[in-house]
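Some notes on the structure that comes next.
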Amino acid sequence: KNAERDLDRVKQAQLTANLDDIIGIGEDIGSIRCWIFQAPTTTDAAQMRDLVMKAKGRNRPEIPVVMFGTLIADGKVSAIATANEKAIELGVGANLMLQAALAFLDGRGGGKPDMAQGGGSNVNGVDDAIAAVKALIATKAAN
């Protein structure tokens, strides 16, 4: 058990050290700064959630920020979405991004406007899910 915990800590430290490489450079869609990424297959859902929360915390609160990440492992897709308060005020909640994506992932999930998680069985739907999330953001950012 201790060895497993130590291994998890080492993996988490490596992921945190590579955070910028994993999430990439943010892209502006309208007035909303977006990070949309695919996590390495060695990542698990809990680690992906930690990564997203760390990355979200590095942004200034006055800028609308959203993040949407996917992870493909064992023939399934995990997805996580976050939104800060400014993005939520513009109508882009994490729960709405996740709902848009899950339609293409044959999945289920839920959450709140600031954080939502889910998963699905259609790994071939990831590109369409990402396109749906970007379309939702673009629609809300234009209003």
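Each chain of the structure tokens is named A, B, ... in the order shown, its residues numbered from 1; ligands are numbered from 1 in display order.
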
Each residue of segment 38-73 of chain A with at least one atom at most 12 Å from segment 120-138 of chain A should appear once, together with its nearest atom pair and the corresponding distance in Å (one decimal); atoms considered: only C-alpha atoms; ordering: chain, then increasing residue number; output as a Markdown table.
```
| residue | atom | partner | partner_atom | distance |
| --- | --- | --- | --- | --- |
| A:Gln38 | CA | A:Val126 | CA | 9.3 |
| A:Pro64 | CA | A:Ile137 | CA | 10.9 |
| A:Val65 | CA | A:Ile137 | CA | 10.6 |
| A:Val66 | CA | A:Ile137 | CA | 8.9 |
| A:Met67 | CA | A:Val133 | CA | 10.0 |
| A:Phe68 | CA | A:Val133 | CA | 8.0 |
| A:Gly69 | CA | A:Ile130 | CA | 8.9 |
| A:Thr70 | CA | A:Val126 | CA | 7.7 |
| A:Leu71 | CA | A:Val123 | CA | 9.4 |
| A:Ile72 | CA | A:Val123 | CA | 6.8 |
| A:Ala73 | CA | A:Val123 | CA | 9.0 |
```

### Query
Using only C-alpha atoms, which residues sit within 8 Å of segment 83-91 of chain A once same-chain residues fewer than 3 positions away are excluded, as a count of residues only?
15

Within 9 Å of Met48 of chain A, counting only C-alpha atoms, which residues show up once you throw out same-chain ones fewer than 3 positions away? Write them as a tab-separated table (two decimals) with C-alpha atoms, in the first residue's frame, please.
```tsv
chain	number	residue	atom	x	y	z
A	15	LEU	CA	2.27	15.33	-14.23
A	39	ALA	CA	-4.33	13.82	-21.01
A	43	THR	CA	-3.09	9.49	-16.23
A	44	ASP	CA	-6.17	8.45	-14.27
A	45	ALA	CA	-9.34	10.50	-13.81
A	51	LEU	CA	-4.18	18.82	-13.10
A	52	VAL	CA	-7.18	20.84	-14.22
A	53	MET	CA	-7.65	22.38	-10.78
A	69	GLY	CA	-9.87	17.60	-20.89
A	70	THR	CA	-10.31	14.06	-22.12
A	71	LEU	CA	-8.53	10.86	-21.25
A	79	ALA	CA	-13.92	13.93	-19.55
A	80	ILE	CA	-13.59	16.83	-17.17
```

### Task
Within chain A, find each residue whose DSSP state, derived from the backbone, is strand (DSSP E or B), and express the selection as an MDAnalysis selection string.
chainID A and resid 27:29 32:38 65:73 76:83 107:111 115:120

Just to be explicit: take each residue in the selection above, keep C-alpha atoms, and write the result as an mmCIF file, in the first residue's frame.
```cif
data_model
loop_
_atom_site.group_PDB
_atom_site.id
_atom_site.type_symbol
_atom_site.label_atom_id
_atom_site.label_comp_id
_atom_site.auth_asym_id
_atom_site.auth_seq_id
_atom_site.Cartn_x
_atom_site.Cartn_y
_atom_site.Cartn_z
ATOM 1 C CA GLU A 27 -6.754 29.610 -27.039
ATOM 2 C CA ASP A 28 -9.128 32.565 -27.010
ATOM 3 C CA ILE A 29 -12.626 31.868 -28.273
ATOM 4 C CA ILE A 32 -13.060 33.314 -23.155
ATOM 5 C CA ARG A 33 -9.627 31.768 -22.615
ATOM 6 C CA CYS A 34 -9.865 28.019 -23.285
ATOM 7 C CA TRP A 35 -7.618 25.068 -22.656
ATOM 8 C CA ILE A 36 -8.822 21.942 -24.432
ATOM 9 C CA PHE A 37 -6.518 18.966 -24.144
ATOM 10 C CA GLN A 38 -6.116 15.210 -24.066
ATOM 11 C CA VAL A 65 -11.387 30.749 -18.263
ATOM 12 C CA VAL A 66 -12.634 27.269 -19.170
ATOM 13 C CA MET A 67 -10.859 23.944 -19.420
ATOM 14 C CA PHE A 68 -11.980 20.724 -21.017
ATOM 15 C CA GLY A 69 -9.875 17.602 -20.894
ATOM 16 C CA THR A 70 -10.309 14.062 -22.118
ATOM 17 C CA LEU A 71 -8.531 10.858 -21.245
ATOM 18 C CA ILE A 72 -8.759 7.649 -23.264
ATOM 19 C CA ALA A 73 -7.893 4.496 -21.335
ATOM 20 C CA LYS A 76 -13.311 4.348 -22.482
ATOM 21 C CA VAL A 77 -13.228 8.127 -22.411
ATOM 22 C CA SER A 78 -13.149 10.232 -19.267
ATOM 23 C CA ALA A 79 -13.916 13.925 -19.551
ATOM 24 C CA ILE A 80 -13.590 16.832 -17.168
ATOM 25 C CA ALA A 81 -14.631 20.441 -17.524
ATOM 26 C CA THR A 82 -14.068 23.497 -15.355
ATOM 27 C CA ALA A 83 -15.108 27.099 -15.613
ATOM 28 C CA GLY A 107 -21.603 8.829 -21.875
ATOM 29 C CA ARG A 108 -22.953 9.957 -18.581
ATOM 30 C CA GLY A 109 -21.821 12.427 -16.011
ATOM 31 C CA GLY A 110 -22.663 15.617 -14.288
ATOM 32 C CA GLY A 111 -21.530 18.325 -12.003
ATOM 33 C CA MET A 115 -16.646 21.587 -12.288
ATOM 34 C CA ALA A 116 -18.156 18.575 -14.025
ATOM 35 C CA GLN A 117 -16.937 15.064 -14.840
ATOM 36 C CA GLY A 118 -18.175 12.154 -16.846
ATOM 37 C CA GLY A 119 -17.233 9.367 -19.134
ATOM 38 C CA GLY A 120 -18.354 7.357 -22.087
#
```

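Distance-wise, atom CA of Met97 of chain A and atom CA of Gly75 of chain A end up 22.0 Å apart.
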